[in-house]
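Listing of input04.cif, mmCIF, C-alpha atoms, pLDDT in the B column; chains and numbers go by the auth columns
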```cif
data_upload
#
loop_
_atom_site.group_PDB
_atom_site.id
_atom_site.type_symbol
_atom_site.label_atom_id
_atom_site.label_comp_id
_atom_site.label_asym_id
_atom_site.label_seq_id
_atom_site.Cartn_x
_atom_site.Cartn_y
_atom_site.Cartn_z
_atom_site.B_iso_or_equiv
_atom_site.auth_seq_id
_atom_site.auth_asym_id
ATOM 1 C CA MET A 1 -10.334 -7.633 10.480 49.00 1 J
ATOM 2 C CA MET A 2 -9.834 -9.910 7.466 50.00 2 J
ATOM 3 C CA ALA A 3 -7.068 -9.323 4.918 49.00 3 J
ATOM 4 C CA SER A 4 -9.553 -8.326 2.202 54.00 4 J
ATOM 5 C CA ASP A 5 -11.087 -5.733 4.563 56.00 5 J
ATOM 6 C CA ARG A 6 -7.627 -4.309 5.303 55.00 6 J
ATOM 7 C CA ASP A 7 -6.842 -4.192 1.581 56.00 7 J
ATOM 8 C CA ALA A 8 -10.087 -2.348 0.817 59.00 8 J
ATOM 9 C CA GLU A 9 -9.445 0.082 3.669 61.00 9 J
ATOM 10 C CA ALA A 10 -5.848 0.707 2.514 55.00 10 J
ATOM 11 C CA ASN A 11 -7.041 1.408 -1.034 57.00 11 J
ATOM 12 C CA ALA A 12 -9.728 3.805 0.221 61.00 12 J
ATOM 13 C CA VAL A 13 -7.197 5.689 2.373 56.00 13 J
ATOM 14 C CA GLY A 14 -4.771 5.904 -0.558 59.00 14 J
ATOM 15 C CA LYS A 15 -7.466 7.307 -2.830 61.00 15 J
ATOM 16 C CA GLN A 16 -8.467 9.906 -0.221 63.00 16 J
ATOM 17 C CA LYS A 17 -4.855 11.053 0.151 61.00 17 J
ATOM 18 C CA GLY A 18 -4.525 11.403 -3.619 58.00 18 J
ATOM 19 C CA ARG A 19 -7.710 13.479 -3.828 62.00 19 J
ATOM 20 C CA ARG A 20 -6.514 15.724 -0.994 63.00 20 J
ATOM 21 C CA ARG A 21 -3.124 16.241 -2.663 59.00 21 J
ATOM 22 C CA ARG A 22 -4.736 17.153 -5.993 59.00 22 J
ATOM 23 C CA ALA A 23 -7.153 19.544 -4.280 61.00 23 J
ATOM 24 C CA ALA A 24 -4.307 21.242 -2.389 59.00 24 J
ATOM 25 C CA VAL A 25 -2.250 21.643 -5.561 51.00 25 J
ATOM 26 C CA THR A 26 -5.219 23.066 -7.453 59.00 26 J
ATOM 27 C CA SER A 27 -5.918 25.504 -4.620 61.00 27 J
ATOM 28 C CA ARG A 28 -2.305 26.723 -4.495 59.00 28 J
ATOM 29 C CA ALA A 29 -2.220 27.146 -8.280 55.00 29 J
ATOM 30 C CA LYS A 30 -5.422 29.209 -8.256 62.00 30 J
ATOM 31 C CA THR A 31 -4.113 31.534 -5.537 64.00 31 J
ATOM 32 C CA GLY A 32 -0.813 32.010 -7.385 61.00 32 J
ATOM 33 C CA LYS A 33 1.293 30.429 -4.639 58.00 33 J
ATOM 34 C CA ILE A 34 2.905 28.037 -7.137 58.00 34 J
ATOM 35 C CA SER A 35 3.489 28.243 -10.867 62.00 35 J
ATOM 36 C CA ALA A 36 1.263 26.470 -13.377 61.00 36 J
ATOM 37 C CA ALA A 37 4.153 24.188 -14.363 60.00 37 J
ATOM 38 C CA SER A 38 4.747 23.209 -10.731 61.00 38 J
ATOM 39 C CA ALA A 39 1.031 22.601 -10.282 58.00 39 J
ATOM 40 C CA ASN A 40 0.949 20.339 -13.334 59.00 40 J
ATOM 41 C CA ARG A 41 3.959 18.331 -12.117 61.00 41 J
ATOM 42 C CA ALA A 42 2.531 17.986 -8.618 57.00 42 J
ATOM 43 C CA ALA A 43 -0.878 16.957 -9.946 56.00 43 J
ATOM 44 C CA GLN A 44 0.724 14.340 -12.193 59.00 44 J
ATOM 45 C CA THR A 45 2.711 12.953 -9.257 55.00 45 J
ATOM 46 C CA ALA A 46 -0.413 12.805 -7.114 51.00 46 J
ATOM 47 C CA ARG A 47 -2.260 10.898 -9.848 51.00 47 J
ATOM 48 C CA SER A 48 0.565 8.421 -10.370 49.00 48 J
ATOM 49 C CA THR A 49 1.083 7.460 -6.730 51.00 49 J
ATOM 50 C CA ARG A 50 1.036 3.732 -6.314 55.00 50 J
ATOM 51 C CA SER A 51 -1.695 1.839 -4.566 61.00 51 J
ATOM 52 C CA THR A 52 -0.175 -0.848 -2.372 65.00 52 J
ATOM 53 C CA VAL A 53 -1.892 -3.865 -0.908 63.00 53 J
ATOM 54 C CA SER A 54 -0.432 -6.411 1.481 64.00 54 J
ATOM 55 C CA GLY A 55 -1.439 -9.867 0.449 62.00 55 J
ATOM 56 C CA ARG A 56 -0.504 -13.484 0.404 66.00 56 J
ATOM 57 C CA TYR A 57 2.744 -12.941 -1.521 66.00 57 J
ATOM 58 C CA GLY A 58 3.808 -9.731 0.213 78.00 58 J
ATOM 59 C CA THR A 59 3.045 -6.158 -0.669 84.00 59 J
ATOM 60 C CA THR A 60 1.719 -5.674 -4.175 85.00 60 J
ATOM 61 C CA VAL A 61 1.384 -2.529 -6.255 87.00 61 J
ATOM 62 C CA LYS A 62 -1.449 -1.944 -8.688 88.00 62 J
ATOM 63 C CA LYS A 63 -0.154 -0.617 -12.017 90.00 63 J
ATOM 64 C CA SER A 64 -1.697 -0.134 -15.421 92.00 64 J
ATOM 65 C CA VAL A 65 0.125 -1.738 -18.347 93.00 65 J
ATOM 66 C CA THR A 66 -0.535 -1.882 -22.062 95.00 66 J
ATOM 67 C CA LEU A 67 -0.068 -5.220 -23.801 96.00 67 J
ATOM 68 C CA ARG A 68 -0.780 -6.470 -27.296 97.00 68 J
ATOM 69 C CA GLU A 69 -4.184 -8.140 -27.544 96.00 69 J
ATOM 70 C CA THR A 70 -2.687 -11.372 -28.856 97.00 70 J
ATOM 71 C CA VAL A 71 -0.337 -11.589 -25.845 96.00 71 J
ATOM 72 C CA VAL A 72 -3.214 -11.003 -23.424 94.00 72 J
ATOM 73 C CA GLU A 73 -5.328 -13.665 -25.123 94.00 73 J
ATOM 74 C CA GLU A 74 -2.512 -16.210 -24.961 95.00 74 J
ATOM 75 C CA ILE A 75 -1.797 -15.523 -21.290 95.00 75 J
ATOM 76 C CA GLU A 76 -5.485 -15.730 -20.374 94.00 76 J
ATOM 77 C CA ALA A 77 -5.833 -18.971 -22.345 95.00 77 J
ATOM 78 C CA ARG A 78 -3.061 -20.476 -20.209 95.00 78 J
ATOM 79 C CA THR A 79 -3.901 -18.956 -16.826 93.00 79 J
ATOM 80 C CA GLY A 80 -7.499 -17.804 -16.860 85.00 80 J
ATOM 81 C CA ALA A 81 -8.365 -14.236 -15.973 75.00 81 J
ATOM 82 C CA ARG A 82 -7.568 -14.686 -12.257 83.00 82 J
ATOM 83 C CA GLY A 83 -3.987 -15.895 -12.843 91.00 83 J
ATOM 84 C CA PHE A 84 -3.053 -13.016 -15.143 93.00 84 J
ATOM 85 C CA SER A 85 -1.239 -10.817 -12.603 91.00 85 J
ATOM 86 C CA GLN A 86 0.590 -13.764 -11.082 91.00 86 J
ATOM 87 C CA PHE A 87 1.762 -14.818 -14.564 94.00 87 J
ATOM 88 C CA LEU A 88 3.083 -11.319 -15.337 94.00 88 J
ATOM 89 C CA ASP A 89 4.741 -11.095 -11.918 93.00 89 J
ATOM 90 C CA ALA A 90 6.550 -14.415 -12.486 94.00 90 J
ATOM 91 C CA ALA A 91 7.552 -13.391 -16.021 95.00 91 J
ATOM 92 C CA ALA A 92 8.959 -10.073 -14.806 96.00 92 J
ATOM 93 C CA GLU A 93 10.832 -11.801 -11.977 95.00 93 J
ATOM 94 C CA ARG A 94 12.390 -14.259 -14.434 97.00 94 J
ATOM 95 C CA TYR A 95 13.365 -11.465 -16.831 97.00 95 J
ATOM 96 C CA LEU A 96 14.965 -9.479 -13.992 97.00 96 J
ATOM 97 C CA ALA A 97 16.960 -12.583 -12.970 97.00 97 J
ATOM 98 C CA LEU A 98 18.207 -12.933 -16.553 97.00 98 J
ATOM 99 C CA LEU A 99 19.228 -9.259 -16.617 97.00 99 J
ATOM 100 C CA LYS A 100 21.133 -9.694 -13.337 97.00 100 J
ATOM 101 C CA ALA A 101 22.885 -12.797 -14.705 95.00 101 J
ATOM 102 C CA GLN A 102 23.897 -10.852 -17.824 96.00 102 J
ATOM 103 C CA GLU A 103 25.278 -8.056 -15.633 97.00 103 J
ATOM 104 C CA ILE A 104 27.402 -10.616 -13.742 94.00 104 J
ATOM 105 C CA ILE A 105 28.716 -12.037 -17.012 93.00 105 J
ATOM 106 C CA ASP A 106 29.458 -8.575 -18.404 96.00 106 J
ATOM 107 C CA ASP A 107 31.282 -7.638 -15.182 96.00 107 J
ATOM 108 C CA HIS A 108 33.372 -10.829 -15.344 93.00 108 J
ATOM 109 C CA ILE A 109 34.313 -10.154 -18.966 95.00 109 J
ATOM 110 C CA THR A 110 35.242 -6.548 -18.131 96.00 110 J
ATOM 111 C CA ARG A 111 37.493 -7.657 -15.279 95.00 111 J
ATOM 112 C CA HIS A 112 38.977 -10.886 -16.680 93.00 112 J
ATOM 113 C CA GLY A 113 38.394 -10.893 -20.438 95.00 113 J
ATOM 114 C CA GLN A 114 36.391 -13.361 -22.490 95.00 114 J
ATOM 115 C CA PHE A 115 35.632 -16.814 -21.104 93.00 115 J
ATOM 116 C CA THR A 116 38.006 -19.555 -22.183 93.00 116 J
ATOM 117 C CA GLU A 117 36.806 -22.695 -23.975 95.00 117 J
ATOM 118 C CA GLU A 118 37.482 -24.686 -20.792 95.00 118 J
ATOM 119 C CA GLU A 119 35.379 -22.302 -18.669 93.00 119 J
ATOM 120 C CA LEU A 120 32.510 -22.486 -21.168 93.00 120 J
ATOM 121 C CA ALA A 121 32.674 -26.300 -21.294 95.00 121 J
ATOM 122 C CA GLU A 122 32.696 -26.451 -17.491 95.00 122 J
ATOM 123 C CA ALA A 123 29.673 -24.136 -17.295 92.00 123 J
ATOM 124 C CA GLU A 124 27.765 -26.198 -19.890 95.00 124 J
ATOM 125 C CA ALA A 125 28.495 -29.403 -17.977 95.00 125 J
ATOM 126 C CA ALA A 126 27.289 -27.821 -14.738 95.00 126 J
ATOM 127 C CA TRP A 127 24.139 -26.640 -16.531 92.00 127 J
ATOM 128 C CA ARG A 128 23.427 -30.216 -17.636 94.00 128 J
ATOM 129 C CA GLY A 129 24.023 -31.437 -14.068 92.00 129 J
ATOM 130 C CA GLU A 130 27.227 -33.326 -14.819 89.00 130 J
#
```
Would it be possible to restate this file's structure as structure tokens?
Amino acid sequence: MMASDRDAEANAVGKQKGRRRRAAVTSRAKTGKISAASANRAAQTARSTRSTVSGRYGTTVKKSVTLRETVVEEIEARTGARGFSQFLDAAAERYLALLKAQEIIDDHITRHGQFTEEELAEAEAAWRGE
């Protein structure tokens, strides 16, 4: 079985499970076995379950995002329509790395106080490869 066949099969199975969950929740709500609020929460959870696909770069998750039209146009102009997800994945990865770096800096400052001028100069030199 080819990877694309497995991906299609995994998506179909995931969709079937979601439909079954929603049907079960609706049935329980109609018979009074669960409250309307619980039924609404369960139905929302069933609708928002993630669809995962194993691919070339590991397991991926299909999500829906909302972006400004100008941002989408600029990304597509640089990557084409097929490189869009890969571009967003790389951008998110880079942003997460920056957040982690900031957490390390904040932790250092909390434990040891502000960086000295010597430490900053040393870091800048290392950044430049000196």
Review point. On this structure, which residues satisfy the PyMOL selection byres ((chain J and resi 81-96) around 12), written as a ChimeraX atom specification?
Key: /J:56-57,60-65,67,71-80,97-103
Exercise for review: Enter the distance from atom CA of Asp106 of chain J to atom CA of Gly129 of chain J, in Å, rounded to one decimal.
Suggested key: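 Those two atoms sit 23.9 Å apart.
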**Study point:** Point-to-point distance from atom CA of Ile105 of chain J to atom CA of Glu124 of chain J, Å rounded to tenths
**Key:**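 That distance, rounded to one decimal, is 14.5 Å.
Here atom CA of Ile104 of chain J and atom CA of Thr59 of chain J stand 28.0 Å from one another.
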Report, as lines of an AutoDock Vina configuration file, the axis-aligned box around all atoms of segment 74-91 of chain J present in the file, extended by 3 Å on each side; give centre and edge lengths in Å to one decimal place.
```
center_x = -0.4
center_y = -15.6
center_z = -18.0
size_x = 21.9
size_y = 15.7
size_z = 19.9
```
